[in-house]
Structures are given as C-alpha cells and as structure tokens.
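Okay, target-v5.cif is below, mmCIF, C-alpha atoms:
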data_upload
loop_
_atom_site.group_PDB
_atom_site.id
_atom_site.type_symbol
_atom_site.label_atom_id
_atom_site.label_comp_id
_atom_site.auth_asym_id
_atom_site.auth_seq_id
_atom_site.Cartn_x
_atom_site.Cartn_y
_atom_site.Cartn_z
ATOM 1 C CA MET S 28 -41.547 -9.400 104.808
ATOM 2 C CA ARG S 29 -40.218 -7.377 101.858
ATOM 3 C CA LYS S 30 -40.124 -9.211 98.534
ATOM 4 C CA ARG S 31 -36.787 -9.418 96.720
ATOM 5 C CA ALA S 32 -36.794 -8.501 93.047
ATOM 6 C CA ARG S 33 -34.005 -8.813 90.478
ATOM 7 C CA ILE S 34 -34.177 -6.798 87.247
ATOM 8 C CA ILE S 35 -32.371 -8.254 84.230
ATOM 9 C CA TYR S 36 -32.237 -5.681 81.462
ATOM 10 C CA ASN S 37 -30.759 -5.210 78.020
ATOM 11 C CA PRO S 38 -29.150 -1.751 78.157
ATOM 12 C CA THR S 39 -29.346 -1.319 74.360
ATOM 13 C CA SER S 40 -33.100 -2.076 74.004
ATOM 14 C CA GLY S 41 -35.529 0.729 73.271
ATOM 15 C CA LYS S 42 -32.819 3.274 72.446
ATOM 16 C CA GLU S 43 -31.389 2.813 75.985
ATOM 17 C CA LEU S 44 -34.543 4.276 77.537
ATOM 18 C CA PHE S 45 -34.748 1.691 80.329
ATOM 19 C CA LYS S 46 -31.121 2.284 81.253
ATOM 20 C CA ARG S 47 -31.881 5.996 81.729
ATOM 21 C CA THR S 48 -35.096 5.280 83.628
ATOM 22 C CA LEU S 49 -33.595 2.653 85.948
ATOM 23 C CA PRO S 50 -33.052 4.952 88.979
ATOM 24 C CA ASP S 51 -36.741 5.941 88.941
ATOM 25 C CA VAL S 52 -37.772 2.292 88.517
ATOM 26 C CA LEU S 53 -35.704 1.254 91.543
ATOM 27 C CA ILE S 54 -37.192 4.028 93.681
ATOM 28 C CA LYS S 55 -40.743 3.100 92.654
ATOM 29 C CA LEU S 56 -40.249 -0.589 93.453
ATOM 30 C CA GLU S 57 -38.551 0.175 96.790
ATOM 31 C CA LYS S 58 -41.465 2.396 97.797
ATOM 32 C CA ALA S 59 -43.837 -0.453 96.904
ATOM 33 C CA GLY S 60 -42.021 -2.794 99.283
ATOM 34 C CA PHE S 61 -39.578 -4.566 96.963
ATOM 35 C CA GLU S 62 -35.907 -4.930 97.816
ATOM 36 C CA THR S 63 -34.607 -4.485 94.290
ATOM 37 C CA SER S 64 -31.319 -4.869 92.411
ATOM 38 C CA ALA S 65 -30.456 -4.798 88.709
ATOM 39 C CA TYR S 66 -28.183 -6.539 86.235
ATOM 40 C CA ALA S 67 -27.288 -5.245 82.744
ATOM 41 C CA THR S 68 -26.608 -7.839 80.041
ATOM 42 C CA GLU S 69 -23.537 -7.425 77.855
ATOM 43 C CA LYS S 70 -23.714 -10.322 75.410
ATOM 44 C CA VAL S 71 -25.894 -13.163 74.181
ATOM 45 C CA GLY S 72 -26.548 -15.671 76.952
ATOM 46 C CA ASP S 73 -26.005 -13.254 79.844
ATOM 47 C CA ALA S 74 -29.700 -13.076 80.759
ATOM 48 C CA THR S 75 -29.933 -16.889 80.973
ATOM 49 C CA THR S 76 -26.878 -17.111 83.224
ATOM 50 C CA GLU S 77 -28.083 -14.317 85.486
ATOM 51 C CA ALA S 78 -31.633 -15.684 85.709
ATOM 52 C CA ALA S 79 -30.265 -19.057 86.841
ATOM 53 C CA ARG S 80 -27.984 -17.339 89.355
ATOM 54 C CA SER S 81 -30.910 -15.293 90.676
ATOM 55 C CA LEU S 82 -32.714 -18.513 91.551
ATOM 56 C CA GLU S 83 -29.765 -19.586 93.667
ATOM 57 C CA GLN S 84 -30.107 -16.244 95.477
ATOM 58 C CA ASN S 85 -33.817 -16.988 96.143
ATOM 59 C CA TYR S 86 -35.331 -13.894 94.521
ATOM 60 C CA ASP S 87 -39.125 -13.805 94.696
ATOM 61 C CA VAL S 88 -39.562 -11.829 91.475
ATOM 62 C CA LEU S 89 -37.541 -11.649 88.258
ATOM 63 C CA ILE S 90 -38.153 -8.670 85.977
ATOM 64 C CA ALA S 91 -37.074 -8.953 82.324
ATOM 65 C CA ALA S 92 -36.633 -5.579 80.620
ATOM 66 C CA GLY S 93 -35.874 -5.865 76.916
ATOM 67 C CA GLY S 94 -37.225 -7.454 73.766
ATOM 68 C CA ASP S 95 -38.500 -10.973 73.135
ATOM 69 C CA GLY S 96 -34.895 -12.212 72.916
ATOM 70 C CA THR S 97 -34.100 -11.041 76.461
ATOM 71 C CA LEU S 98 -37.321 -12.607 77.749
ATOM 72 C CA ASN S 99 -36.485 -15.884 75.985
ATOM 73 C CA GLU S 100 -33.076 -15.965 77.674
ATOM 74 C CA VAL S 101 -34.579 -15.337 81.119
ATOM 75 C CA ILE S 102 -37.109 -18.157 80.562
ATOM 76 C CA ASN S 103 -34.254 -20.499 79.613
ATOM 77 C CA GLY S 104 -32.532 -19.660 82.893
ATOM 78 C CA ILE S 105 -35.484 -20.612 85.089
ATOM 79 C CA ALA S 106 -37.614 -23.142 83.154
ATOM 80 C CA GLU S 107 -36.021 -26.302 84.525
ATOM 81 C CA LYS S 108 -35.843 -25.147 88.141
ATOM 82 C CA PRO S 109 -38.468 -26.107 90.746
ATOM 83 C CA ASN S 110 -38.375 -22.769 92.627
ATOM 84 C CA ARG S 111 -39.300 -20.555 89.678
ATOM 85 C CA PRO S 112 -39.970 -16.941 90.724
ATOM 86 C CA SER S 113 -42.856 -14.818 89.455
ATOM 87 C CA LEU S 114 -41.899 -13.056 86.233
ATOM 88 C CA GLY S 115 -42.392 -9.369 85.503
ATOM 89 C CA ILE S 116 -41.992 -8.059 81.942
ATOM 90 C CA ILE S 117 -41.031 -4.572 80.770
ATOM 91 C CA PRO S 118 -41.448 -4.653 76.947
ATOM 92 C CA MET S 119 -38.539 -2.713 75.427
ATOM 93 C CA GLY S 120 -37.967 -4.428 72.068
ATOM 94 C CA THR S 121 -39.021 -3.623 68.515
ATOM 95 C CA VAL S 122 -42.049 -5.906 68.331
ATOM 96 C CA ASN S 123 -42.654 -7.280 71.878
ATOM 97 C CA ASP S 124 -44.883 -10.142 70.725
ATOM 98 C CA PHE S 125 -45.308 -11.625 74.185
ATOM 99 C CA GLY S 126 -45.976 -8.254 75.800
ATOM 100 C CA ARG S 127 -48.651 -7.558 73.163
ATOM 101 C CA ALA S 128 -50.289 -10.917 73.855
ATOM 102 C CA LEU S 129 -50.444 -10.084 77.581
ATOM 103 C CA HIS S 130 -51.737 -6.558 76.904
ATOM 104 C CA LEU S 131 -48.782 -5.135 78.838
ATOM 105 C CA PRO S 132 -48.257 -1.367 78.634
ATOM 106 C CA THR S 133 -45.221 -0.206 76.690
ATOM 107 C CA ASP S 134 -44.706 2.716 79.069
ATOM 108 C CA ILE S 135 -42.031 1.652 81.564
ATOM 109 C CA MET S 136 -43.650 3.032 84.714
ATOM 110 C CA SER S 137 -47.059 1.630 83.739
ATOM 111 C CA ALA S 138 -45.458 -1.795 83.246
ATOM 112 C CA ILE S 139 -43.922 -1.492 86.738
ATOM 113 C CA ASP S 140 -47.417 -0.711 88.070
ATOM 114 C CA VAL S 141 -48.615 -4.076 86.684
ATOM 115 C CA ILE S 142 -45.937 -5.821 88.761
ATOM 116 C CA ILE S 143 -46.733 -3.803 91.891
ATOM 117 C CA GLU S 144 -50.467 -4.577 91.539
ATOM 118 C CA GLY S 145 -49.486 -8.257 91.807
ATOM 119 C CA HIS S 146 -52.026 -9.967 89.531
ATOM 120 C CA LEU S 147 -50.484 -13.257 88.333
ATOM 121 C CA THR S 148 -51.376 -15.509 85.386
ATOM 122 C CA ARG S 149 -49.935 -18.971 84.708
ATOM 123 C CA VAL S 150 -48.909 -19.389 81.052
ATOM 124 C CA ASP S 151 -47.654 -22.195 78.839
ATOM 125 C CA ILE S 152 -44.117 -22.309 77.500
ATOM 126 C CA GLY S 153 -42.641 -24.487 74.768
ATOM 127 C CA LYS S 154 -39.662 -26.809 74.894
ATOM 128 C CA MET S 155 -37.749 -27.497 71.665
ATOM 129 C CA ASN S 156 -35.196 -30.265 72.140
ATOM 130 C CA SER S 157 -33.361 -28.842 75.182
ATOM 131 C CA ARG S 158 -34.301 -25.190 74.630
ATOM 132 C CA TYR S 159 -37.341 -23.269 75.879
ATOM 133 C CA PHE S 160 -39.467 -20.605 74.199
ATOM 134 C CA ILE S 161 -42.358 -18.373 75.217
ATOM 135 C CA ASN S 162 -43.925 -17.315 71.962
ATOM 136 C CA LEU S 163 -42.918 -18.897 68.669
ATOM 137 C CA ALA S 164 -40.871 -21.593 66.986
ATOM 138 C CA ALA S 165 -40.786 -21.713 63.212
ATOM 139 C CA GLY S 166 -38.940 -22.978 60.162
ATOM 140 C CA GLY S 167 -38.696 -21.871 56.538
ATOM 141 C CA GLN S 168 -36.976 -19.039 54.718
ATOM 142 C CA LEU S 169 -39.585 -16.433 55.614
ATOM 143 C CA THR S 170 -39.062 -17.165 59.321
ATOM 144 C CA GLN S 171 -35.464 -15.952 59.015
ATOM 145 C CA VAL S 172 -36.825 -12.414 58.615
ATOM 146 C CA SER S 173 -36.702 -11.502 62.304
ATOM 147 C CA TYR S 174 -33.028 -12.243 62.800
ATOM 148 C CA GLU S 175 -31.939 -11.094 59.338
ATOM 149 C CA THR S 176 -33.701 -7.728 59.488
ATOM 150 C CA PRO S 177 -31.002 -5.158 60.254
ATOM 151 C CA SER S 178 -31.292 -3.753 63.784
ATOM 152 C CA LYS S 179 -31.053 -0.197 62.406
ATOM 153 C CA LEU S 180 -34.110 -0.815 60.203
ATOM 154 C CA LYS S 181 -35.978 -2.310 63.187
ATOM 155 C CA SER S 182 -35.279 0.737 65.337
ATOM 156 C CA ILE S 183 -36.378 3.194 62.629
ATOM 157 C CA VAL S 184 -39.591 1.604 61.367
ATOM 158 C CA GLY S 185 -40.380 -0.881 64.149
ATOM 159 C CA PRO S 186 -42.578 -3.896 63.377
ATOM 160 C CA PHE S 187 -43.112 -2.749 59.794
ATOM 161 C CA ALA S 188 -39.478 -3.739 59.149
ATOM 162 C CA TYR S 189 -40.597 -7.354 59.224
ATOM 163 C CA TYR S 190 -43.257 -6.775 56.578
ATOM 164 C CA ILE S 191 -40.767 -5.006 54.293
ATOM 165 C CA LYS S 192 -38.148 -7.720 54.639
ATOM 166 C CA GLY S 193 -40.786 -10.450 54.421
ATOM 167 C CA PHE S 194 -42.167 -9.311 51.083
ATOM 168 C CA GLU S 195 -38.593 -8.870 49.787
ATOM 169 C CA MET S 196 -37.873 -12.518 50.558
ATOM 170 C CA LEU S 197 -41.017 -14.015 48.979
ATOM 171 C CA PRO S 198 -39.511 -14.477 45.476
ATOM 172 C CA GLN S 199 -36.595 -16.482 46.956
ATOM 173 C CA MET S 200 -38.725 -18.866 48.978
ATOM 174 C CA LYS S 201 -38.494 -22.552 48.143
ATOM 175 C CA ALA S 202 -40.582 -25.439 49.425
ATOM 176 C CA VAL S 203 -38.909 -28.120 51.534
ATOM 177 C CA ASP S 204 -39.952 -31.763 51.833
ATOM 178 C CA ILE S 205 -40.840 -32.151 55.490
ATOM 179 C CA ARG S 206 -42.439 -34.576 57.943
ATOM 180 C CA ILE S 207 -44.455 -33.177 60.864
ATOM 181 C CA GLU S 208 -45.890 -35.549 63.464
ATOM 182 C CA TYR S 209 -48.370 -33.787 65.751
ATOM 183 C CA ASP S 210 -50.078 -35.755 68.516
ATOM 184 C CA ASP S 211 -51.535 -38.731 66.535
ATOM 185 C CA ASN S 212 -51.432 -37.078 63.091
ATOM 186 C CA VAL S 213 -48.844 -36.686 60.332
ATOM 187 C CA PHE S 214 -48.198 -34.106 57.606
ATOM 188 C CA GLN S 215 -45.695 -35.200 54.999
ATOM 189 C CA GLY S 216 -44.971 -33.221 51.866
ATOM 190 C CA GLU S 217 -43.554 -29.994 50.517
ATOM 191 C CA ALA S 218 -44.033 -26.934 52.703
ATOM 192 C CA MET S 219 -42.932 -23.302 52.501
ATOM 193 C CA LEU S 220 -42.883 -22.822 56.257
ATOM 194 C CA PHE S 221 -44.273 -23.982 59.571
ATOM 195 C CA LEU S 222 -45.060 -22.077 62.771
ATOM 196 C CA LEU S 223 -45.708 -23.284 66.320
ATOM 197 C CA GLY S 224 -47.396 -20.527 68.283
ATOM 198 C CA LEU S 225 -48.083 -20.114 71.985
ATOM 199 C CA THR S 226 -49.689 -16.661 71.661
ATOM 200 C CA ASN S 227 -51.633 -14.735 69.035
ATOM 201 C CA SER S 228 -48.818 -12.315 68.179
ATOM 202 C CA MET S 229 -45.842 -13.313 66.033
ATOM 203 C CA ALA S 230 -43.385 -10.933 64.341
ATOM 204 C CA GLY S 231 -45.945 -8.160 64.588
ATOM 205 C CA PHE S 232 -48.825 -10.185 63.117
ATOM 206 C CA GLU S 233 -51.339 -9.890 65.950
ATOM 207 C CA LYS S 234 -53.949 -12.127 64.320
ATOM 208 C CA LEU S 235 -51.777 -15.004 63.174
ATOM 209 C CA VAL S 236 -53.374 -17.260 65.806
ATOM 210 C CA PRO S 237 -56.880 -15.775 66.222
ATOM 211 C CA ASP S 238 -57.998 -18.369 68.796
ATOM 212 C CA ALA S 239 -54.768 -18.597 70.840
ATOM 213 C CA LYS S 240 -54.974 -19.420 74.531
ATOM 214 C CA LEU S 241 -51.959 -18.791 76.737
ATOM 215 C CA ASP S 242 -52.748 -21.521 79.248
ATOM 216 C CA ASP S 243 -54.491 -24.438 77.482
ATOM 217 C CA GLY S 244 -51.446 -26.688 76.997
ATOM 218 C CA TYR S 245 -51.647 -26.616 73.182
ATOM 219 C CA PHE S 246 -49.479 -25.207 70.431
ATOM 220 C CA THR S 247 -51.131 -23.764 67.370
ATOM 221 C CA LEU S 248 -49.435 -25.421 64.387
ATOM 222 C CA ILE S 249 -49.555 -23.571 61.065
ATOM 223 C CA ILE S 250 -48.174 -25.261 57.947
ATOM 224 C CA VAL S 251 -48.047 -23.460 54.601
ATOM 225 C CA GLU S 252 -47.907 -25.958 51.722
ATOM 226 C CA LYS S 253 -45.885 -25.393 48.566
ATOM 227 C CA ALA S 254 -47.309 -22.260 46.940
ATOM 228 C CA ASN S 255 -46.471 -19.839 44.152
ATOM 229 C CA LEU S 256 -45.506 -16.199 44.669
ATOM 230 C CA ALA S 257 -49.030 -14.835 44.192
ATOM 231 C CA GLU S 258 -50.461 -17.352 46.660
ATOM 232 C CA LEU S 259 -47.805 -16.527 49.261
ATOM 233 C CA GLY S 260 -48.437 -12.804 48.935
ATOM 234 C CA HIS S 261 -52.167 -13.451 49.329
ATOM 235 C CA ILE S 262 -51.584 -15.617 52.432
ATOM 236 C CA MET S 263 -49.429 -12.897 54.035
ATOM 237 C CA THR S 264 -52.103 -10.298 53.346
ATOM 238 C CA LEU S 265 -54.805 -12.562 54.794
ATOM 239 C CA ALA S 266 -52.608 -13.232 57.847
ATOM 240 C CA SER S 267 -52.535 -9.528 58.683
ATOM 241 C CA ARG S 268 -56.338 -9.738 59.070
ATOM 242 C CA GLY S 269 -56.512 -13.175 60.713
ATOM 243 C CA GLU S 270 -58.240 -14.660 57.654
ATOM 244 C CA HIS S 271 -55.480 -17.039 56.510
ATOM 245 C CA THR S 272 -56.753 -20.092 58.395
ATOM 246 C CA LYS S 273 -59.259 -21.026 55.662
ATOM 247 C CA HIS S 274 -56.794 -20.728 52.742
ATOM 248 C CA PRO S 275 -56.488 -24.129 50.977
ATOM 249 C CA LYS S 276 -52.673 -24.091 51.259
ATOM 250 C CA VAL S 277 -52.731 -23.407 55.030
ATOM 251 C CA HIS S 278 -53.035 -26.174 57.640
ATOM 252 C CA TYR S 279 -54.169 -24.853 61.033
ATOM 253 C CA LYS S 280 -54.035 -27.403 63.881
ATOM 254 C CA LYS S 281 -53.754 -27.697 67.686
ATOM 255 C CA ALA S 282 -51.277 -30.083 69.321
ATOM 256 C CA GLU S 283 -49.486 -30.729 72.604
ATOM 257 C CA SER S 284 -46.479 -32.559 71.169
ATOM 258 C CA ILE S 285 -44.879 -32.090 67.737
ATOM 259 C CA SER S 286 -41.862 -33.710 66.013
ATOM 260 C CA ILE S 287 -40.475 -32.218 62.805
ATOM 261 C CA SER S 288 -37.804 -33.609 60.507
ATOM 262 C CA SER S 289 -36.483 -33.052 57.005
ATOM 263 C CA PHE S 290 -33.688 -34.374 54.794
ATOM 264 C CA THR S 291 -33.182 -30.773 53.638
ATOM 265 C CA ASP S 292 -31.249 -28.282 55.744
ATOM 266 C CA MET S 293 -33.770 -26.016 57.535
ATOM 267 C CA GLN S 294 -33.010 -23.304 60.066
ATOM 268 C CA LEU S 295 -35.266 -22.704 63.035
ATOM 269 C CA ASN S 296 -36.458 -19.406 64.465
ATOM 270 C CA VAL S 297 -37.162 -19.440 68.201
ATOM 271 C CA ASP S 298 -38.753 -16.309 69.700
ATOM 272 C CA GLY S 299 -37.306 -14.203 66.878
ATOM 273 C CA GLU S 300 -33.733 -15.507 67.137
ATOM 274 C CA TYR S 301 -31.753 -18.224 65.361
ATOM 275 C CA GLY S 302 -32.637 -21.538 67.036
ATOM 276 C CA GLY S 303 -30.462 -24.134 65.288
ATOM 277 C CA LYS S 304 -31.630 -26.620 62.667
ATOM 278 C CA LEU S 305 -34.053 -29.518 62.296
ATOM 279 C CA PRO S 306 -34.840 -32.129 63.540
ATOM 280 C CA GLY S 307 -36.899 -30.687 66.389
ATOM 281 C CA ASN S 308 -39.048 -32.202 69.107
ATOM 282 C CA PHE S 309 -41.529 -29.730 70.599
ATOM 283 C CA LEU S 310 -43.459 -30.127 73.843
ATOM 284 C CA ASN S 311 -45.974 -27.729 75.395
ATOM 285 C CA LEU S 312 -45.403 -27.276 79.159
ATOM 286 C CA LYS S 313 -48.829 -26.282 80.407
ATOM 287 C CA GLN S 314 -49.087 -23.282 82.788
ATOM 288 C CA HIS S 315 -45.375 -23.588 83.558
ATOM 289 C CA ILE S 316 -44.512 -19.932 84.241
ATOM 290 C CA GLU S 317 -46.262 -17.355 86.435
ATOM 291 C CA VAL S 318 -46.265 -13.836 84.981
ATOM 292 C CA PHE S 319 -47.626 -10.487 86.148
ATOM 293 C CA THR S 320 -50.512 -9.296 83.973
ATOM 294 C CA PRO S 321 -52.959 -6.372 84.095
ATOM 295 C CA ASN S 322 -55.513 -7.133 86.815
ATOM 296 C CA ASP S 323 -58.523 -6.144 84.726
ATOM 297 C CA ILE S 324 -57.952 -8.982 82.253
ATOM 298 C CA LYS S 325 -59.152 -12.533 82.893
ATOM 299 C CA ASN S 326 -57.156 -15.537 81.701
ATOM 300 C CA ASP S 327 -59.631 -16.468 78.962
ATOM 301 C CA GLU S 328 -59.697 -12.901 77.636
ATOM 302 C CA ILE S 329 -56.005 -12.181 77.689
ATOM 303 C CA ILE S 330 -55.341 -12.804 74.014
ATOM 304 C CA GLU S 331 -58.419 -11.135 72.579
ATOM 305 C CA GLN S 332 -57.769 -7.967 70.641
#

Take the structure I supplied and represent it as structure tokens, if you would.
Amino acid sequence: MRKRARIIYNPTSGKELFKRTLPDVLIKLEKAGFETSAYATEKVGDATTEAARSLEQNYDVLIAAGGDGTLNEVINGIAEKPNRPSLGIIPMGTVNDFGRALHLPTDIMSAIDVIIEGHLTRVDIGKMNSRYFINLAAGGQLTQVSYETPSKLKSIVGPFAYYIKGFEMLPQMKAVDIRIEYDDNVFQGEAMLFLLGLTNSMAGFEKLVPDAKLDDGYFTLIIVEKANLAELGHIMTLASRGEHTKHPKVHYKKAESISISSFTDMQLNVDGEYGGKLPGNFLNLKQHIEVFTPNDIKNDEIIEQ
C-alpha cells in the first residue's frame, strides 16, 4: 500500500527555494511510492493547525520544510495525539539547529532521500507549560537575540547574525533573581540566563551541549550566574568551542523535570521564537517523536560532530 505524505512548508524560508523546488519534490516522492500533497503556511500558527488536521486525515508521514520555527509549530500540532505520524524534515531556515543535530543535509533533494530511505530515530521533545519544543527553551536578555535579530540580517549573514547581535547586547545584560528547581535540586540566586537544551546545537552554537543525547529523556540545563561584561564575553567565546562547562560562573546539569520562577519579568525563548514569560514548568517527553535520519548514523552517534 502506498504511504500518504503531507508536506507543510513555509514559502518564505530559504529565499523561497523550496517553493520553487516543490514540483520536483512531489515527483520524486511519488516515484518512491508516496501519495503526496502540500500545504503552504501564510501566518504564525498555520503549521500547527495543518499538522493537527493532517492527523485527522491519517497521513503516515508529515514533512516539515522550513526553519526551526516551522518545525516547532508542526510538533505542537501532533505532540498530544496518539497516532503521531513519522516526521520528515527539510531544513530551510537560517540556522536549522535541529537539522544540524540530526546531521540532515541542507540540499533539498538529499533531505528527501533521507525520508525515502526510511531510517527512523525516536527523539525526545520538551513540554513547557502547555507548549512543546524540539530543541531549546531559554530565558534572559541574551536569549532574545534569535527573535530580535532582523530577518534581513539573518538572510544575508546567516548564523553569524546571532553572534553579532549577541555581542551587541552583552553590555545591556542584567542579572535576574531566579529560582530553578531541577529534579531534586535547587538553584536560587542571580543569573544572567538559563538554557534547557535537547540537542547540541542552539542558535548556531554547535558545541553548547557537548554531551547531548537526543533520546535519553534528559534536558541539559545551563545556568550562567551573575557575571561582568568581560566574564560574559569570555563565556560566549568558550561556548563556541564547547569549553564553557568548566567556567566557575556556569552551572551545567542534567534533569528530566525543571520548574523556573522569578519575581522579575523574564521573557522565554522557545526554539528561537518568543515563548511567553515565567513561571515555566518543563518536562522531558522521552523518545516521543519518530523522525527520519540518515541511515549511516546510529542513535548514540547522532549528535557527535
């Protein structure tokens, strides 16, 4: 029996390259035995609505073509449902953190080949209050970089846009008094930022979580204590090399369940987009989603660079 696949794509991602390539993609999938249709998003939230509707139509495979924001929306459309389809990913965004973590090709047709080959890996996802994420949740002024960086700058210089904007924001950063409960432990004090990672790649930093596992049921929790400008610059430089974990102002922990609160107003970043404000309750849903990955990579090797 032919498998049914539904493509959900952001027509503006990747300088509209996927939109132009779509006819060839459909032909390739049809030849491989997939009965395929496509849906173009128009506004925020469309991918979530369409992903949920696709489940009602009993599609076997959902293919998300776009950046991390599109992928996040698709995950939010299927995460709570029992009949979740296998998920294919065509990385078309500026940074593509999740695609990098899975070693997915950035070439569209090569990414389609990964889906056709049919090798599946079960991966963890995160739940924050009532919202789901696949890669990252974070708080602190520096974490606003990804959704404050102008889209024109992102498209011109790519991931480096985050570094530029990040270093610009360092002088403005202020510590916030915060309480973080993680499993049976507590951090309470002034912090510059916190990150909860599911993969090794966040905002273009591919070594932020050097020992990340995509399927172990644990978040990596990074807390940066109150620090001066020189210390923050040093930590960012170390982070680009994966050497930040031993810095005295950096807490680096593993946890399944995390609760974070603060009396100070703090915005949250979820998979590179604005995610509301604290308080936040975070839960790791172990091996919750099945994604297509290159068949020459084993689960325990998938995040190694």

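Separating atom CA of Arg33 of chain S from atom CA of Tyr66 of chain S is a distance of 7.6 Å.
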
Among S:Ser286, S:Asn103, S:Thr272, S:Ser267, Arg206 of chain S is approached most closely, using all atoms listed in the file, by S:Ser286

Could you tell me, as a ChimeraX atom specification, exactly which residues end up selected when the PyMOL selection byres ((chain S and resi 309) around 12) is applied to this structure? /S:152-160,163-165,207-210,222-225,245-248,282-288,297,305-308,310-312

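Distance check against Asp140 of chain S using only C-alpha atoms: of S:His315, S:Gly115, S:Phe221, S:His271, the minimum falls on S:Gly115.
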
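Here atom CA of Gln314 of chain S stands at a distance of 5.4 Å from atom CA of Asp242 of chain S.
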
Measuring between only C-alpha atoms, which one of S:Pro237, S:Gly216, S:Pro50, S:Gly120 shows the shortest distance to Lys253 of chain S? S:Gly216

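Distance-wise, atom CA of Thr133 of chain S and atom CA of Gly302 of chain S end up 26.6 Å apart.
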
Which neighbours of Thr63 of chain S fall inside 8 Å, counting only C-alpha atoms, when residues of the same chain fewer than 3 positions from it are skipped, and could you give them as a PyMOL selection string? chain S and resi 31-34+53+56-57

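You can rank S:Ala218, S:Ile139, S:Ala92, S:Ala257 by their closest distance to Leu44 of chain S using only C-alpha atoms, and at the top of that list sits S:Ala92.
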
Please provide the set of residues having any atom within 10 Å of Glu317 of chain S, restricted to all atoms listed in the file, with same-chain residues fewer than 3 positions apart removed, written as a list of chain:residue names. S:Arg111, S:Pro112, S:Ser113, S:Leu114, S:Gly115, S:His146, S:Leu147, S:Thr148, S:Arg149, S:Val150, S:Asp151, S:Gln314, S:Thr320

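Nearest to Gly126 of chain S of all the residues S:Ile205, S:Met229, S:Ile262, S:Val213 is S:Met229, counting all atoms listed in the file.
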